[in-house]
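This report concerns only the one structure given below.
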Amino acid sequence: MRKTAALSLLAAAALAAGTLQAADHRAHDHGKVPDGQHGDQAAVSATEAKARFIDRESKSVGTATLTESPHGVSIYLDLNGLPPGPKAIHIHSVGTCEDPAEGFVASKGHLNPDGKEHGLMNPAGPDAGDLPNLVVHQDGTVQAEMFTMLASLAGAEGRATILDEDGAALVIHINRDDHITQPIGGAGARIACGVIKAK
C-alpha cells in the first residue's frame with residue numbers, strides 16, 4: 001500500500017470517529033463565527049481556496065486546494081521539495097508567510113476559537129487547526145487528501161472560519177505530530193507555509 005493511500009485511510013478512520021477536525025495553539029482566540037453570521041465579504045461567497053507553499057528559502061514547494069462542503073473542508077495537497085518522512089501540517093490563525101527566514105512565526109498559533117487543547121487524540125481537543133500527518137516520499141513529493149469537520153472557508157455554524165479578516169495559513173513542520181503532546185505534538189520547526197486565499 002502506498003503511503004498516500006495509508007494517509008487517506010488514517011483520515012477516513014479519524015473522520016468516522018468524529019475526531020478529524022482543524023486545530024493548533026490556544027494562544028490565538030480566532031476564527032469562529034456567531035450563529036447565522038459569516039466572515040468578511042471576501043469569505044462570504046468562497047467555496048474553494050488555494051494555498052501556494054514556500055519553504056524557509058522562499059522556494060515554491062507545491063499547493064493545497066481547499067473545497068467547502070456541507071460538513072467541512074476537503075484539503076488536497078500536491079507538494080514537492082520537502083525532506084522525506086512524516087510531517088505535521090496544521091491550519092494557523094493568520095494568513096501570512098512573510099517571514100520564511102524566521103520560521104513563519106507571523107502565522108501565529110493554530111486556528112482555535114474555542115481554546116481547545118492540541119491533538120486529534122486528546123480528550124480535551126482537538127483545536128480547529130489540527131490535521132493528520134503527511135508522509136513525504138523519498139523523492140520529496142506528497143499527494144494526499146484530508147478532511148476537517150472543524151473549519152469552514154466562509155463561516156458555518158459551529159465551525160471555525162478560515163477566510164476571516166486576517167485569514168489563515170497552512171503550515172508544515174519538520175516532525176510528525178503525536179496528536180496529544182502540548183502545544184503542538186512535538187512537531188518542531190515550521191518548514192513550509194502557504195497563505196490560504198479564496199479562488
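Starting from 1 in every chain, residues are counted up; chains themselves are A, B, ... following the order of the C-alpha cells, and ligands are numbered from 1 as listed.
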
- Message: I'd like the neighbourhood of Leu82 in chain A as a VMD selection string, where a residue qualifies if any of its atoms comes within 12 Å (using only C-alpha atoms), though same-chain residues fewer than 4 positions away should be ignored.
- Response: chain A and resid 53 to 57 59 to 62 78 86 to 87 134 to 142 172 to 175 190 to 193

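The neighbours of His179 in chain A here are the residues that come within 6 Å of it, using only C-alpha atoms and leaving out any residue fewer than 2 positions away in the same chain; they are Gly119, Leu120, Met121, Asp177 and Gly185 of chain A.
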
Generate the output file for the selected residues, N, CA and C atoms, as a CSV table (one decimal), in the first residue's frame.
chain,number,residue,atom,x,y,z
A,119,GLY,N,-4.4,18.4,19.6
A,119,GLY,CA,-4.3,16.9,19.4
A,119,GLY,C,-5.6,16.2,19.0
A,120,LEU,N,-5.5,15.5,17.9
A,120,LEU,CA,-6.6,14.7,17.4
A,120,LEU,C,-7.0,13.5,18.4
A,121,MET,N,-6.0,13.1,19.2
A,121,MET,CA,-6.2,12.0,20.1
A,121,MET,C,-6.3,12.5,21.6
A,177,ASP,N,3.4,14.9,14.1
A,177,ASP,CA,2.6,15.3,15.3
A,177,ASP,C,2.1,14.1,16.0
A,185,GLY,N,2.3,18.8,19.7
A,185,GLY,CA,2.6,17.4,19.4
A,185,GLY,C,4.0,17.0,19.1

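Of the listed residues A:Leu111, A:Ile180, A:Val195, A:Leu131, the one whose atoms come nearest to Glu145 in chain A is A:Leu131, with distances taken using only C-alpha atoms.
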
- Query: Closest to Asn112 in chain A among A:Asp166, A:Glu48, A:Glu68, A:Asp130, using only C-alpha atoms?
  - Reply: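 With only C-alpha atoms as the atom set, the closest residue is A:Asp130.
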
- Message: What parts of range 27-192 of chain A does DSSP call strand (DSSP E)? I'd like the answer as a ChimeraX atom specification.
- Response: /A:48-55,60-69,72-79,85-87,89-92,134-136,142-148,151-152,160-161,169-173,190-192

- Message: Excluding Glu117 in chain A and its own-chain neighbours fewer than 6 positions away, which residues fall within 7 Å of it when counting only C-alpha atoms? Please give them as a PyMOL selection string.
- Response: chain A and resi 26+124-127

- Message: Can you tell me, as a list in words, which residues in range 54-184 of chain A count as helix (DSSP H, G or I) by DSSP?
- Response: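 Of range 54-184 of chain A, the ones in helix (DSSP H, G or I) are Pro100, Ala101, Glu102, Val105, Ala106 and Ser107 of chain A.
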
- The residue from A:Cys97, A:Leu66, A:Pro83, A:Ser74 with the smallest atom-to-atom distance to Lys50 in chain A, counting only C-alpha atoms, is A:Leu66

- Have a look at CA of Gly85 in chain A and CA of Leu170 in chain A and let me know their distance in Å, one decimal.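 Computing it gives 18.2 Å between the two atoms.
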
- Query: What does the distance from CA of Ser107 in chain A to CA of Gln143 in chain A come to in Å, to one decimal?
  - Reply: 23.8 Å

- Neighbour list for Ile75 in chain A as a PyMOL selection string, cut-off 12 Å, only C-alpha atoms, skip fewer than 5 positions in-chain: chain A and resi 8+11+21-22+48-51+63-69+89-91+131-132+134+143-149+151-153+170+196

- Message: Please list as a ChimeraX atom specification every residue within 12 Å of Gly167 in chain A, counting only C-alpha atoms and excluding residues in the same chain fewer than 2 positions away.
- Response: /A:30-32,39-40,42-43,49,51,91-97,107-108,110-111,152-155,160-165,169-170,194-198

- Query: Nearest to Ala168 in chain A: which of A:Gly129, A:Gly81, A:Pro123, A:Gly188 is it, counting only C-alpha atoms?
  - Reply: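 Closest residue, counting only C-alpha atoms: A:Gly129.
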
- Query: What does the distance between CA of Asn133 in chain A and CA of Ala88 in chain A come to in Å, to one decimal place?
  - Reply: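 So the two atoms, CA of Asn133 in chain A and CA of Ala88 in chain A, lie 4.7 Å apart.
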
- Item | Best match for closeness to Gln182 in chain A among A:Gly72, A:Leu79, A:Pro100, A:Lys116, counting only C-alpha atoms |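 Nearest to Gln182 in chain A: A:Lys116.
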